[in-house]
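Structure below is my_file-v7.cif: mmCIF, N, CA and C atoms.
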data_upload
#
loop_
_atom_site.label_atom_id
_atom_site.label_comp_id
_atom_site.auth_asym_id
_atom_site.auth_seq_id
_atom_site.Cartn_x
_atom_site.Cartn_y
_atom_site.Cartn_z
N MET A 1 35.57 -81.76 291.92
CA MET A 1 36.62 -80.90 292.32
C MET A 1 37.87 -81.26 291.52
N ALA A 2 38.56 -80.22 291.03
CA ALA A 2 39.77 -80.44 290.23
C ALA A 2 40.99 -80.38 291.14
N TYR A 3 41.95 -81.16 290.81
CA TYR A 3 43.18 -81.18 291.59
C TYR A 3 44.34 -81.10 290.61
N MET A 4 45.31 -80.21 290.91
CA MET A 4 46.46 -80.06 290.03
C MET A 4 47.72 -80.20 290.87
N ASN A 5 48.64 -80.98 290.38
CA ASN A 5 49.90 -81.20 291.07
C ASN A 5 51.03 -80.79 290.13
N THR A 6 51.89 -79.91 290.59
CA THR A 6 53.02 -79.47 289.79
C THR A 6 54.30 -79.96 290.45
N THR A 7 55.15 -80.59 289.67
CA THR A 7 56.42 -81.06 290.19
C THR A 7 57.54 -80.36 289.44
N THR A 8 58.61 -80.13 290.14
CA THR A 8 59.78 -79.53 289.53
C THR A 8 60.98 -80.39 289.85
N ALA A 9 62.01 -80.22 289.06
CA ALA A 9 63.23 -80.98 289.29
C ALA A 9 63.89 -80.50 290.57
N ALA A 10 64.51 -81.41 291.27
CA ALA A 10 65.17 -81.08 292.53
C ALA A 10 66.36 -80.15 292.28
N HIS A 11 67.04 -80.32 291.16
CA HIS A 11 68.21 -79.51 290.82
C HIS A 11 68.00 -78.92 289.43
N PRO A 12 68.41 -77.66 289.25
CA PRO A 12 68.30 -77.08 287.91
C PRO A 12 69.19 -77.84 286.92
N SER A 13 68.83 -77.75 285.68
CA SER A 13 69.62 -78.46 284.66
C SER A 13 71.01 -77.85 284.57
N VAL A 14 71.90 -78.57 283.95
CA VAL A 14 73.28 -78.11 283.77
C VAL A 14 73.28 -76.81 282.98
N PHE A 15 72.44 -76.73 281.95
CA PHE A 15 72.39 -75.52 281.13
C PHE A 15 71.88 -74.33 281.93
N ALA A 16 70.94 -74.56 282.83
CA ALA A 16 70.45 -73.48 283.68
C ALA A 16 71.54 -73.02 284.64
N GLN A 17 72.33 -73.94 285.16
CA GLN A 17 73.42 -73.58 286.06
C GLN A 17 74.50 -72.79 285.32
N ILE A 18 74.81 -73.20 284.10
CA ILE A 18 75.81 -72.48 283.31
C ILE A 18 75.30 -71.07 282.98
N GLY A 19 74.03 -70.98 282.62
CA GLY A 19 73.44 -69.68 282.33
C GLY A 19 73.45 -68.77 283.54
N ALA A 20 73.14 -69.32 284.70
CA ALA A 20 73.14 -68.55 285.93
C ALA A 20 74.55 -68.08 286.28
N PHE A 21 75.53 -68.93 286.03
CA PHE A 21 76.92 -68.55 286.30
C PHE A 21 77.32 -67.35 285.45
N PHE A 22 77.04 -67.41 284.15
CA PHE A 22 77.43 -66.32 283.26
C PHE A 22 76.61 -65.06 283.54
N GLU A 23 75.38 -65.22 283.91
CA GLU A 23 74.56 -64.06 284.27
C GLU A 23 75.11 -63.37 285.52
N GLY A 24 75.50 -64.17 286.50
CA GLY A 24 76.11 -63.62 287.72
C GLY A 24 77.44 -62.93 287.43
N ALA A 25 78.24 -63.55 286.56
CA ALA A 25 79.53 -62.96 286.20
C ALA A 25 79.33 -61.63 285.48
N ALA A 26 78.36 -61.57 284.59
CA ALA A 26 78.08 -60.33 283.87
C ALA A 26 77.61 -59.24 284.83
N THR A 27 76.78 -59.60 285.79
CA THR A 27 76.30 -58.63 286.77
C THR A 27 77.46 -58.10 287.61
N ARG A 28 78.34 -58.99 288.07
CA ARG A 28 79.49 -58.56 288.87
C ARG A 28 80.43 -57.67 288.06
N TYR A 29 80.61 -57.98 286.78
CA TYR A 29 81.48 -57.16 285.93
C TYR A 29 80.89 -55.76 285.75
N LYS A 30 79.58 -55.67 285.54
CA LYS A 30 78.93 -54.36 285.40
C LYS A 30 79.06 -53.56 286.69
N GLN A 31 78.91 -54.23 287.83
CA GLN A 31 79.07 -53.55 289.12
C GLN A 31 80.50 -53.05 289.29
N TYR A 32 81.46 -53.86 288.89
CA TYR A 32 82.86 -53.47 289.01
C TYR A 32 83.16 -52.26 288.13
N ARG A 33 82.66 -52.29 286.90
CA ARG A 33 82.90 -51.15 285.99
C ARG A 33 82.28 -49.88 286.55
N LEU A 34 81.09 -49.95 287.11
CA LEU A 34 80.45 -48.79 287.71
C LEU A 34 81.24 -48.32 288.93
N TYR A 35 81.72 -49.25 289.73
CA TYR A 35 82.56 -48.91 290.88
C TYR A 35 83.80 -48.15 290.43
N ARG A 36 84.50 -48.68 289.42
CA ARG A 36 85.73 -48.04 288.95
C ARG A 36 85.45 -46.65 288.37
N ALA A 37 84.38 -46.52 287.60
CA ALA A 37 84.05 -45.21 287.01
C ALA A 37 83.75 -44.20 288.11
N THR A 38 82.97 -44.60 289.10
CA THR A 38 82.64 -43.70 290.21
C THR A 38 83.88 -43.33 291.00
N PHE A 39 84.69 -44.32 291.32
CA PHE A 39 85.90 -44.08 292.09
C PHE A 39 86.86 -43.16 291.34
N ASP A 40 87.04 -43.41 290.05
CA ASP A 40 87.94 -42.58 289.25
C ASP A 40 87.45 -41.14 289.15
N GLU A 41 86.15 -40.96 288.96
CA GLU A 41 85.61 -39.61 288.86
C GLU A 41 85.75 -38.87 290.18
N LEU A 42 85.47 -39.53 291.30
CA LEU A 42 85.61 -38.88 292.59
C LEU A 42 87.08 -38.62 292.92
N SER A 43 87.95 -39.49 292.51
CA SER A 43 89.38 -39.31 292.78
C SER A 43 89.94 -38.11 292.03
N ALA A 44 89.33 -37.77 290.90
CA ALA A 44 89.80 -36.65 290.11
C ALA A 44 89.44 -35.30 290.74
N LEU A 45 88.53 -35.30 291.69
CA LEU A 45 88.13 -34.06 292.35
C LEU A 45 89.18 -33.62 293.36
N SER A 46 89.26 -32.32 293.57
CA SER A 46 90.18 -31.79 294.58
C SER A 46 89.58 -32.02 295.96
N ASN A 47 90.43 -31.83 296.98
CA ASN A 47 89.96 -31.99 298.36
C ASN A 47 88.86 -30.98 298.67
N ARG A 48 88.98 -29.80 298.13
CA ARG A 48 87.95 -28.77 298.37
C ARG A 48 86.62 -29.17 297.72
N GLU A 49 86.67 -29.69 296.50
CA GLU A 49 85.44 -30.13 295.84
C GLU A 49 84.80 -31.29 296.58
N LEU A 50 85.62 -32.20 297.08
CA LEU A 50 85.09 -33.30 297.88
C LEU A 50 84.45 -32.79 299.16
N ALA A 51 85.08 -31.81 299.78
CA ALA A 51 84.53 -31.23 301.01
C ALA A 51 83.18 -30.57 300.72
N ASP A 52 83.05 -29.94 299.56
CA ASP A 52 81.76 -29.35 299.18
C ASP A 52 80.66 -30.40 299.08
N LEU A 53 81.04 -31.62 298.71
CA LEU A 53 80.09 -32.73 298.62
C LEU A 53 79.91 -33.42 299.97
N GLY A 54 80.69 -33.02 300.95
CA GLY A 54 80.61 -33.64 302.26
C GLY A 54 81.38 -34.95 302.35
N LEU A 55 82.43 -35.08 301.54
CA LEU A 55 83.21 -36.32 301.49
C LEU A 55 84.66 -36.05 301.81
N ASN A 56 85.34 -37.08 302.29
CA ASN A 56 86.80 -37.10 302.46
C ASN A 56 87.35 -38.11 301.48
N ARG A 57 88.65 -38.08 301.30
CA ARG A 57 89.27 -39.09 300.44
C ARG A 57 89.03 -40.51 300.98
N SER A 58 88.94 -40.62 302.28
CA SER A 58 88.73 -41.94 302.89
C SER A 58 87.32 -42.47 302.62
N ASP A 59 86.41 -41.63 302.19
CA ASP A 59 85.03 -42.05 301.90
C ASP A 59 84.84 -42.57 300.48
N LEU A 60 85.82 -42.36 299.62
CA LEU A 60 85.64 -42.65 298.19
C LEU A 60 85.32 -44.12 297.93
N ARG A 61 86.02 -45.01 298.58
CA ARG A 61 85.78 -46.44 298.35
C ARG A 61 84.37 -46.83 298.76
N ARG A 62 83.94 -46.39 299.95
CA ARG A 62 82.60 -46.73 300.44
C ARG A 62 81.52 -46.16 299.54
N VAL A 63 81.68 -44.91 299.13
CA VAL A 63 80.68 -44.27 298.28
C VAL A 63 80.62 -44.98 296.92
N SER A 64 81.77 -45.36 296.40
CA SER A 64 81.81 -46.05 295.10
C SER A 64 81.15 -47.42 295.18
N ILE A 65 81.38 -48.12 296.26
CA ILE A 65 80.75 -49.44 296.44
C ILE A 65 79.24 -49.28 296.55
N GLU A 66 78.78 -48.31 297.33
CA GLU A 66 77.35 -48.08 297.48
C GLU A 66 76.71 -47.72 296.14
N ALA A 67 77.40 -46.91 295.34
CA ALA A 67 76.86 -46.51 294.04
C ALA A 67 76.76 -47.70 293.09
N SER A 68 77.72 -48.61 293.17
CA SER A 68 77.72 -49.73 292.23
C SER A 68 76.69 -50.79 292.58
N ARG A 69 76.23 -50.81 293.83
CA ARG A 69 75.28 -51.84 294.25
C ARG A 69 73.87 -51.33 294.39
N ALA A 70 73.66 -50.07 294.08
CA ALA A 70 72.31 -49.50 294.20
C ALA A 70 71.45 -49.84 293.01
#
Starting from the file, lay out its structure as structure tokens.
Amino acid sequence: MAYMNTTTAAHPSVFAQIGAFFEGAATRYKQYRLYRATFDELSALSNRELADLGLNRSDLRRVSIEASRA
């Protein structure tokens, strides 16, 4: 019978932590840019156009956040 044991380091290496930090920062920046683009585009619509979409001005922030995290 064969037996295999795999061990891993208890903590990721410093380089892995730095890479994860920058990867997370890049992801958050992309989400922010998408949020701003969505918010700006919806803000440019008139109240009547927003009503046609079933939205109020008070919904813009929530809708933009949902769009950026989907």
Check your understanding: as a VMD selection string, which residues of chain A does DSSP assign to alpha helix (DSSP H)?
Key -> chain A and resid 14 to 43 47 to 52 60 to 69
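Relative to atom CA of Tyr35 of chain A, atom CA of Ala16 of chain A is found at 28.3 Å.
What the PyMOL selection byres ((chain A and resi 38-48) around 8) grabs from this file is Tyr32, Arg33, Leu34, Tyr35, Arg36, Ala37, Glu49, Leu50, Ala51, Asp52, Leu53, Gly54, Leu55, Asn56, Arg57, Leu60, Arg61, Val63, Ser64, Ile65, Ala67 and Ser68 of chain A.
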Study note, to complete from the structure: Taken to one decimal, the atom C of Lys30 of chain A-atom CA of Val14 of chain A distance is 25.4 Å
Exercise for review: Could you jot down the atom N of Pro12 of chain A to atom C of Ala26 of chain A separation for me, Å, one decimal place?
Suggested key: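 Between atom N of Pro12 of chain A and atom C of Ala26 of chain A the gap is 21.1 Å.
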Could you put an axis-aligned box around every listed atom of segment 31-36 of chain A, padded by 5 Å on each side, and send me its centre and edge lengths in Å to one decimal, as AutoDock Vina command-line options?
--center_x 82.3 --center_y -50.4 --center_z 288.4 --size_x 16.8 --size_y 17.6 --size_z 14.9
